[in-house]
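Engineer: This is the content of target-v4.pdb (PDB, C-alpha atoms, pLDDT in the B column):
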```pdb
ATOM      1  CA  MET A  95     -53.299  -0.655  87.967  1.00 45.00           C
ATOM      2  CA  ILE A  96     -51.782  -3.881  88.757  1.00 50.00           C
ATOM      3  CA  LYS A  97     -52.972  -5.128  85.506  1.00 53.00           C
ATOM      4  CA  HIS A  98     -50.879  -2.619  83.800  1.00 56.00           C
ATOM      5  CA  PRO A  99     -47.611  -3.893  85.128  1.00 60.00           C
ATOM      6  CA  LEU A 100     -48.626  -7.404  84.075  1.00 61.00           C
ATOM      7  CA  THR A 101     -49.534  -6.194  80.688  1.00 67.00           C
ATOM      8  CA  LEU A 102     -46.306  -4.334  80.498  1.00 66.00           C
ATOM      9  CA  THR A 103     -44.393  -7.407  81.499  1.00 70.00           C
ATOM     10  CA  ARG A 104     -46.192  -9.437  78.871  1.00 73.00           C
ATOM     11  CA  ILE A 105     -45.533  -6.782  76.304  1.00 75.00           C
ATOM     12  CA  LYS A 106     -41.873  -6.805  77.303  1.00 73.00           C
ATOM     13  CA  GLN A 107     -41.756 -10.598  77.077  1.00 76.00           C
ATOM     14  CA  THR A 108     -43.517 -10.598  73.731  1.00 79.00           C
ATOM     15  CA  ALA A 109     -41.238  -7.892  72.472  1.00 73.00           C
ATOM     16  CA  GLY A 110     -38.211  -9.881  73.704  1.00 72.00           C
ATOM     17  CA  ILE A 111     -39.417 -13.022  71.964  1.00 78.00           C
ATOM     18  CA  LEU A 112     -40.063 -11.034  68.770  1.00 72.00           C
ATOM     19  CA  MET A 113     -36.623  -9.541  69.010  1.00 73.00           C
ATOM     20  CA  LEU A 114     -35.113 -12.979  69.526  1.00 70.00           C
ATOM     21  CA  VAL A 115     -36.977 -14.378  66.498  1.00 72.00           C
ATOM     22  CA  ALA A 116     -36.016 -11.359  64.425  1.00 70.00           C
ATOM     23  CA  SER A 117     -32.404 -11.716  65.506  1.00 72.00           C
ATOM     24  CA  LEU A 118     -32.373 -15.365  64.520  1.00 69.00           C
ATOM     25  CA  ALA A 119     -33.956 -14.521  61.192  1.00 66.00           C
ATOM     26  CA  LEU A 120     -31.357 -11.822  60.601  1.00 65.00           C
ATOM     27  CA  VAL A 121     -28.528 -14.134  61.568  1.00 62.00           C
ATOM     28  CA  GLN A 122     -29.839 -16.740  59.124  1.00 62.00           C
ATOM     29  CA  ALA A 123     -30.319 -14.094  56.419  1.00 60.00           C
ATOM     30  CA  CYS A 124     -26.852 -12.732  56.981  1.00 58.00           C
ATOM     31  CA  GLY A 125     -25.421 -16.229  56.845  1.00 55.00           C
ATOM     32  CA  SER A 126     -27.111 -16.935  53.503  1.00 50.00           C
ATOM     33  CA  ASP A 127     -26.037 -13.525  52.126  1.00 48.00           C
ATOM     34  CA  ASN A 128     -22.455 -14.450  52.873  1.00 50.00           C
ATOM     35  CA  LYS A 129     -22.928 -17.661  50.961  1.00 53.00           C
ATOM     36  CA  ASN A 130     -24.523 -15.794  48.044  1.00 53.00           C
ATOM     37  CA  GLU A 131     -21.788 -13.193  48.164  1.00 57.00           C
ATOM     38  CA  SER A 132     -19.208 -15.927  48.208  1.00 69.00           C
ATOM     39  CA  ARG A 133     -20.854 -17.636  45.243  1.00 73.00           C
ATOM     40  CA  THR A 134     -21.163 -14.299  43.440  1.00 71.00           C
ATOM     41  CA  GLU A 135     -17.533 -13.480  44.094  1.00 74.00           C
ATOM     42  CA  ASP A 136     -16.513 -16.940  42.854  1.00 73.00           C
ATOM     43  CA  ALA A 137     -18.632 -16.515  39.716  1.00 70.00           C
ATOM     44  CA  LEU A 138     -17.178 -13.049  39.072  1.00 69.00           C
ATOM     45  CA  GLU A 139     -13.658 -14.358  39.555  1.00 74.00           C
ATOM     46  CA  LYS A 140     -14.272 -17.279  37.204  1.00 73.00           C
ATOM     47  CA  THR A 141     -15.866 -14.942  34.652  1.00 75.00           C
ATOM     48  CA  GLY A 142     -12.903 -12.577  34.924  1.00 70.00           C
ATOM     49  CA  ASP A 143     -10.501 -15.485  34.443  1.00 75.00           C
ATOM     50  CA  ALA A 144     -12.481 -16.679  31.426  1.00 72.00           C
ATOM     51  CA  ILE A 145     -12.539 -13.178  29.926  1.00 75.00           C
ATOM     52  CA  SER A 146      -8.812 -12.829  30.538  1.00 73.00           C
ATOM     53  CA  ALA A 147      -8.110 -16.176  28.865  1.00 74.00           C
ATOM     54  CA  ASP A 148     -10.383 -15.309  25.915  1.00 72.00           C
ATOM     55  CA  THR A 149      -8.682 -11.933  25.577  1.00 76.00           C
ATOM     56  CA  LYS A 150      -5.244 -13.576  25.550  1.00 77.00           C
ATOM     57  CA  ASP A 151      -6.409 -16.071  22.919  1.00 79.00           C
ATOM     58  CA  ALA A 152      -7.999 -13.333  20.797  1.00 74.00           C
ATOM     59  CA  THR A 153      -4.889 -11.178  21.123  1.00 80.00           C
ATOM     60  CA  ALA A 154      -2.665 -14.073  20.085  1.00 78.00           C
ATOM     61  CA  GLU A 155      -4.933 -14.819  17.118  1.00 81.00           C
ATOM     62  CA  ALA A 156      -5.001 -11.135  16.125  1.00 75.00           C
ATOM     63  CA  ARG A 157      -1.205 -10.970  16.314  1.00 80.00           C
ATOM     64  CA  GLU A 158      -0.914 -14.081  14.164  1.00 84.00           C
ATOM     65  CA  ASP A 159      -3.415 -12.658  11.655  1.00 78.00           C
ATOM     66  CA  LEU A 160      -1.496  -9.376  11.539  1.00 78.00           C
ATOM     67  CA  LYS A 161       1.766 -11.237  11.031  1.00 83.00           C
ATOM     68  CA  GLU A 162       0.261 -13.275   8.190  1.00 84.00           C
ATOM     69  CA  THR A 163      -1.203 -10.140   6.625  1.00 81.00           C
ATOM     70  CA  GLY A 164       2.140  -8.373   6.964  1.00 78.00           C
ATOM     71  CA  ASP A 165       3.882 -11.322   5.316  1.00 81.00           C
ATOM     72  CA  LYS A 166       1.367 -11.277   2.460  1.00 80.00           C
ATOM     73  CA  VAL A 167       1.742  -7.517   1.988  1.00 78.00           C
ATOM     74  CA  GLU A 168       5.522  -7.854   2.031  1.00 80.00           C
ATOM     75  CA  ALA A 169       5.356 -10.641  -0.554  1.00 81.00           C
ATOM     76  CA  LYS A 170       3.064  -8.551  -2.775  1.00 80.00           C
ATOM     77  CA  SER A 171       5.366  -5.573  -2.340  1.00 76.00           C
ATOM     78  CA  ASP A 172       8.387  -7.662  -3.298  1.00 78.00           C
ATOM     79  CA  GLU A 173       6.476  -9.020  -6.305  1.00 83.00           C
ATOM     80  CA  ALA A 174       5.446  -5.510  -7.376  1.00 77.00           C
ATOM     81  CA  ALA A 175       9.030  -4.283  -6.983  1.00 78.00           C
ATOM     82  CA  ALA A 176      10.298  -7.175  -9.104  1.00 82.00           C
ATOM     83  CA  ASP A 177       7.637  -6.460 -11.742  1.00 82.00           C
ATOM     84  CA  PHE A 178       8.594  -2.780 -11.744  1.00 79.00           C
ATOM     85  CA  ARG A 179      12.303  -3.572 -12.145  1.00 84.00           C
ATOM     86  CA  ARG A 180      11.597  -6.081 -14.926  1.00 87.00           C
ATOM     87  CA  GLU A 181       9.339  -3.610 -16.762  1.00 84.00           C
ATOM     88  CA  ARG A 182      11.863  -0.805 -16.304  1.00 83.00           C
ATOM     89  CA  ASP A 183      14.750  -2.949 -17.558  1.00 86.00           C
ATOM     90  CA  GLU A 184      12.732  -4.047 -20.605  1.00 87.00           C
ATOM     91  CA  ALA A 185      11.851  -0.428 -21.398  1.00 82.00           C
ATOM     92  CA  VAL A 186      15.486   0.664 -21.066  1.00 84.00           C
ATOM     93  CA  ALA A 187      16.551  -2.158 -23.386  1.00 88.00           C
ATOM     94  CA  LYS A 188      13.946  -1.118 -25.972  1.00 86.00           C
ATOM     95  CA  MET A 189      15.059   2.508 -25.706  1.00 84.00           C
ATOM     96  CA  ASN A 190      18.663   1.472 -26.249  1.00 88.00           C
ATOM     97  CA  VAL A 191      17.566  -0.326 -29.430  1.00 88.00           C
ATOM     98  CA  GLN A 192      15.763   2.880 -30.498  1.00 85.00           C
ATOM     99  CA  LYS A 193      18.906   4.886 -29.726  1.00 87.00           C
ATOM    100  CA  ASP A 194      20.982   2.525 -31.871  1.00 90.00           C
ATOM    101  CA  LYS A 195      18.481   2.899 -34.718  1.00 87.00           C
ATOM    102  CA  LEU A 196      18.627   6.690 -34.362  1.00 83.00           C
ATOM    103  CA  ASP A 197      22.423   6.575 -34.477  1.00 88.00           C
ATOM    104  CA  ALA A 198      22.300   4.455 -37.647  1.00 88.00           C
ATOM    105  CA  LYS A 199      19.754   6.787 -39.260  1.00 85.00           C
ATOM    106  CA  ILE A 200      21.843   9.849 -38.324  1.00 84.00           C
ATOM    107  CA  ASP A 201      24.953   8.232 -39.822  1.00 88.00           C
ATOM    108  CA  GLU A 202      22.965   7.388 -42.952  1.00 85.00           C
ATOM    109  CA  LEU A 203      21.756  10.989 -43.273  1.00 81.00           C
ATOM    110  CA  LYS A 204      25.323  12.307 -42.830  1.00 84.00           C
ATOM    111  CA  ALA A 205      26.594  10.033 -45.593  1.00 85.00           C
ATOM    112  CA  LYS A 206      23.678  10.950 -47.824  1.00 81.00           C
ATOM    113  CA  ALA A 207      24.164  14.688 -47.264  1.00 78.00           C
ATOM    114  CA  ASP A 208      27.688  14.530 -48.667  1.00 80.00           C
ATOM    115  CA  LYS A 209      26.299  13.369 -52.016  1.00 83.00           C
ATOM    116  CA  GLN A 210      23.376  15.798 -52.271  1.00 80.00           C
ATOM    117  CA  SER A 211      22.939  19.205 -53.799  1.00 81.00           C
ATOM    118  CA  ASP A 212      22.958  22.233 -51.507  1.00 81.00           C
ATOM    119  CA  LYS A 213      19.155  22.458 -51.311  1.00 82.00           C
ATOM    120  CA  ALA A 214      18.702  18.740 -50.615  1.00 81.00           C
ATOM    121  CA  LYS A 215      21.674  18.802 -48.237  1.00 82.00           C
ATOM    122  CA  ALA A 216      20.077  21.613 -46.190  1.00 84.00           C
ATOM    123  CA  GLU A 217      16.856  19.586 -45.819  1.00 84.00           C
ATOM    124  CA  THR A 218      18.801  16.452 -44.898  1.00 82.00           C
ATOM    125  CA  ASP A 219      20.812  18.436 -42.325  1.00 84.00           C
ATOM    126  CA  ARG A 220      17.557  19.704 -40.732  1.00 86.00           C
ATOM    127  CA  GLN A 221      16.265  16.125 -40.546  1.00 85.00           C
ATOM    128  CA  ARG A 222      19.583  14.963 -39.085  1.00 84.00           C
ATOM    129  CA  GLU A 223      19.584  17.764 -36.491  1.00 88.00           C
ATOM    130  CA  LYS A 224      16.038  16.812 -35.445  1.00 87.00           C
ATOM    131  CA  LEU A 225      17.107  13.202 -35.063  1.00 84.00           C
ATOM    132  CA  GLU A 226      20.214  14.221 -33.101  1.00 88.00           C
ATOM    133  CA  GLU A 227      18.061  16.313 -30.735  1.00 89.00           C
ATOM    134  CA  GLN A 228      15.686  13.401 -30.270  1.00 85.00           C
ATOM    135  CA  ARG A 229      18.624  11.073 -29.706  1.00 86.00           C
ATOM    136  CA  LYS A 230      19.913  13.425 -27.005  1.00 89.00           C
ATOM    137  CA  GLU A 231      16.469  13.503 -25.357  1.00 86.00           C
ATOM    138  CA  LEU A 232      16.244   9.715 -25.617  1.00 82.00           C
ATOM    139  CA  GLY A 233      19.620   9.424 -23.878  1.00 86.00           C
ATOM    140  CA  GLU A 234      18.318  11.626 -21.054  1.00 86.00           C
ATOM    141  CA  ASP A 235      15.139   9.535 -20.881  1.00 81.00           C
ATOM    142  CA  ILE A 236      17.231   6.373 -20.623  1.00 82.00           C
ATOM    143  CA  ASP A 237      19.165   7.892 -17.724  1.00 85.00           C
ATOM    144  CA  HIS A 238      15.887   8.857 -16.008  1.00 81.00           C
ATOM    145  CA  ALA A 239      14.497   5.378 -16.576  1.00 80.00           C
ATOM    146  CA  LYS A 240      17.555   3.661 -15.146  1.00 83.00           C
ATOM    147  CA  ASN A 241      17.256   5.736 -11.970  1.00 82.00           C
ATOM    148  CA  ALA A 242      13.448   5.864 -11.742  1.00 77.00           C
ATOM    149  CA  THR A 243      11.760   4.752  -8.550  1.00 78.00           C
ATOM    150  CA  ALA A 244       8.532   2.774  -8.617  1.00 73.00           C
ATOM    151  CA  ASP A 245       6.548   5.929  -7.785  1.00 72.00           C
ATOM    152  CA  ALA A 246       8.133   7.944 -10.599  1.00 72.00           C
ATOM    153  CA  TRP A 247       7.892   5.094 -13.097  1.00 67.00           C
ATOM    154  CA  LYS A 248       4.370   5.987 -14.286  1.00 69.00           C
ATOM    155  CA  ASP A 249       5.459   9.511 -15.232  1.00 70.00           C
ATOM    156  CA  VAL A 250       8.620   8.268 -16.904  1.00 67.00           C
ATOM    157  CA  LYS A 251       6.656   5.634 -18.831  1.00 65.00           C
ATOM    158  CA  SER A 252       4.175   8.168 -20.225  1.00 69.00           C
ATOM    159  CA  GLY A 253       7.103  10.347 -21.322  1.00 67.00           C
ATOM    160  CA  PHE A 254       8.603   7.364 -23.149  1.00 62.00           C
ATOM    161  CA  LYS A 255       5.404   6.744 -25.039  1.00 63.00           C
ATOM    162  CA  GLN A 256       5.312  10.349 -26.238  1.00 65.00           C
ATOM    163  CA  ALA A 257       9.008  10.294 -27.176  1.00 64.00           C
ATOM    164  CA  GLY A 258       8.504   7.009 -29.015  1.00 63.00           C
ATOM    165  CA  ARG A 259       5.743   8.533 -31.137  1.00 66.00           C
ATOM    166  CA  GLU A 260       7.904  11.555 -31.931  1.00 68.00           C
ATOM    167  CA  ILE A 261      10.889   9.401 -32.859  1.00 64.00           C
ATOM    168  CA  GLY A 262       8.680   7.199 -35.020  1.00 65.00           C
ATOM    169  CA  ASP A 263       7.394  10.275 -36.860  1.00 67.00           C
ATOM    170  CA  ALA A 264      10.953  11.548 -37.348  1.00 65.00           C
ATOM    171  CA  PHE A 265      12.030   8.156 -38.737  1.00 60.00           C
ATOM    172  CA  ASP A 266       9.133   8.190 -41.156  1.00 67.00           C
ATOM    173  CA  LYS A 267       9.970  11.684 -42.383  1.00 67.00           C
ATOM    174  CA  ALA A 268      13.672  10.911 -42.723  1.00 63.00           C
ATOM    175  CA  GLY A 269      12.906   7.632 -44.488  1.00 62.00           C
ATOM    176  CA  ASP A 270      10.544   9.378 -46.893  1.00 64.00           C
ATOM    177  CA  LYS A 271      13.214  12.000 -47.601  1.00 61.00           C
ATOM    178  CA  LEU A 272      15.848   9.352 -48.330  1.00 57.00           C
ATOM    179  CA  LYS A 273      13.504   7.445 -50.645  1.00 61.00           C
ATOM    180  CA  ARG A 274      12.660  10.595 -52.613  1.00 63.00           C
ATOM    181  CA  ASP A 275      16.308  11.482 -52.937  1.00 59.00           C
ATOM    182  CA  ASN A 276      17.152   7.974 -54.128  1.00 57.00           C
ATOM    183  CA  ASP A 277      14.366   7.989 -56.721  1.00 56.00           C
TER     184      ASP A 277
END
```
Mind converting the file's structure to structure tokens?

Structural biologist:
Amino acid sequence: MIKHPLTLTRIKQTAGILMLVASLALVQACGSDNKNESRTEDALEKTGDAISADTKDATAEAREDLKETGDKVEAKSDEAAADFRRERDEAVAKMNVQKDKLDAKIDELKAKADKQSDKAKAETDRQREKLEEQRKELGEDIDHAKNATADAWKDVKSGFKQAGREIGDAFDKAGDKLKRDND
């Protein structure tokens, strides 16, 4: 039995030594973990700083790109508005020339009607009334054109084309009528 207490003492001593070695190993491991954690934290902080700097740079570049794009769009918009106004003003000028021609043709038909027989005068009066109606419509179209916005311009322009064809046909008919009466 005495051997047992010796064995127990040795076991206790061995266990103590093992515990001491394990404690030292743990202390060393904990010390190196702190270093790794410190290095990891430093790396994460540096990465975060780098990401933040890159984000600021990218944001600044994106803002600059958006500003440049906005400037380009504004310039194109201004150019389109100027083109629209120029086209509208040219169309109004051409319509005013057409209106003046209609006025001259109407005056010519009035003068001609005074010299015609009743039957010819009735036909000339119908032609004159058609031209006067078209002149009135042309005047309204001119007013619409002068006040047209860029969005409404396409509709106004297609109406002008149709009116121009109708006026051209009326001129042809009235001109034919005057030629026949003069012959």

Engineer: Please enumerate the residues selected by the PyMOL selection byres ((chain A and resi 201) around 12) when evaluated against the supplied file, formatted as a VMD selection string.

Structural biologist: chain A and resid 194 to 200 202 to 208 218 to 219 221 to 223 225 to 226 268

Engineer: What gap, in Å, lies between CA of Arg220 (chain A) and CA of Lys188 (chain A)?

Structural biologist: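 One can read the CA of Arg220 (chain A) to CA of Lys188 (chain A) distance as 25.8 Å.
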
Engineer: As an exercise, work out the distance from CA of Arg179 (chain A) to CA of Ala242 (chain A) in Å and give it to one decimal place.

Structural biologist: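 Atom-to-atom, CA of Arg179 (chain A) and CA of Ala242 (chain A) are spaced 9.5 Å apart.
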
Engineer: If you measure from CA of Asp245 (chain A) to CA of Asp159 (chain A), what distance in Å do you get, rounded to one decimal?

Structural biologist: 28.7 Å

Engineer: Any chance you could work out the axis-aligned box around region 106-116 of chain A, listed atoms only, 4 Å on each side, giving centre and edge lengths in Å to one decimal, as JSON?

Structural biologist:
```
{"center_x": -39.3, "center_y": -10.6, "center_z": 70.9, "size_x": 16.4, "size_y": 15.6, "size_z": 20.9}
```

Engineer: Check the smallest atom-to-atom distance from each of A:Lys209, A:Lys161, A:Arg229, A:Lys170 to Met189 (chain A) using all atoms listed in the file, then report the winner.

Structural biologist: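 Smallest separation from Met189 (chain A) among the options: A:Arg229.
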
Engineer: Evaluate the PyMOL selection byres ((chain A and resi 186) around 9) on the structure here and hand back the selected residues as a PyMOL selection string.

Structural biologist: chain A and resi 181-185+187-191+235-237+239-240

Engineer: Just the selected residues (C-alpha atoms), exported as a PDB file, keeping the file's coordinate frame, please.

Structural biologist:
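Generated output (part36.pdb):
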```pdb
ATOM      1  CA  GLU A 181       9.339  -3.610 -16.762  1.00 84.00           C
ATOM      2  CA  ARG A 182      11.863  -0.805 -16.304  1.00 83.00           C
ATOM      3  CA  ASP A 183      14.750  -2.949 -17.558  1.00 86.00           C
ATOM      4  CA  GLU A 184      12.732  -4.047 -20.605  1.00 87.00           C
ATOM      5  CA  ALA A 185      11.851  -0.428 -21.398  1.00 82.00           C
ATOM      6  CA  ALA A 187      16.551  -2.158 -23.386  1.00 88.00           C
ATOM      7  CA  LYS A 188      13.946  -1.118 -25.972  1.00 86.00           C
ATOM      8  CA  MET A 189      15.059   2.508 -25.706  1.00 84.00           C
ATOM      9  CA  ASN A 190      18.663   1.472 -26.249  1.00 88.00           C
ATOM     10  CA  VAL A 191      17.566  -0.326 -29.430  1.00 88.00           C
ATOM     11  CA  ASP A 235      15.139   9.535 -20.881  1.00 81.00           C
ATOM     12  CA  ILE A 236      17.231   6.373 -20.623  1.00 82.00           C
ATOM     13  CA  ASP A 237      19.165   7.892 -17.724  1.00 85.00           C
ATOM     14  CA  ALA A 239      14.497   5.378 -16.576  1.00 80.00           C
ATOM     15  CA  LYS A 240      17.555   3.661 -15.146  1.00 83.00           C
TER      16      LYS A 240
END
```
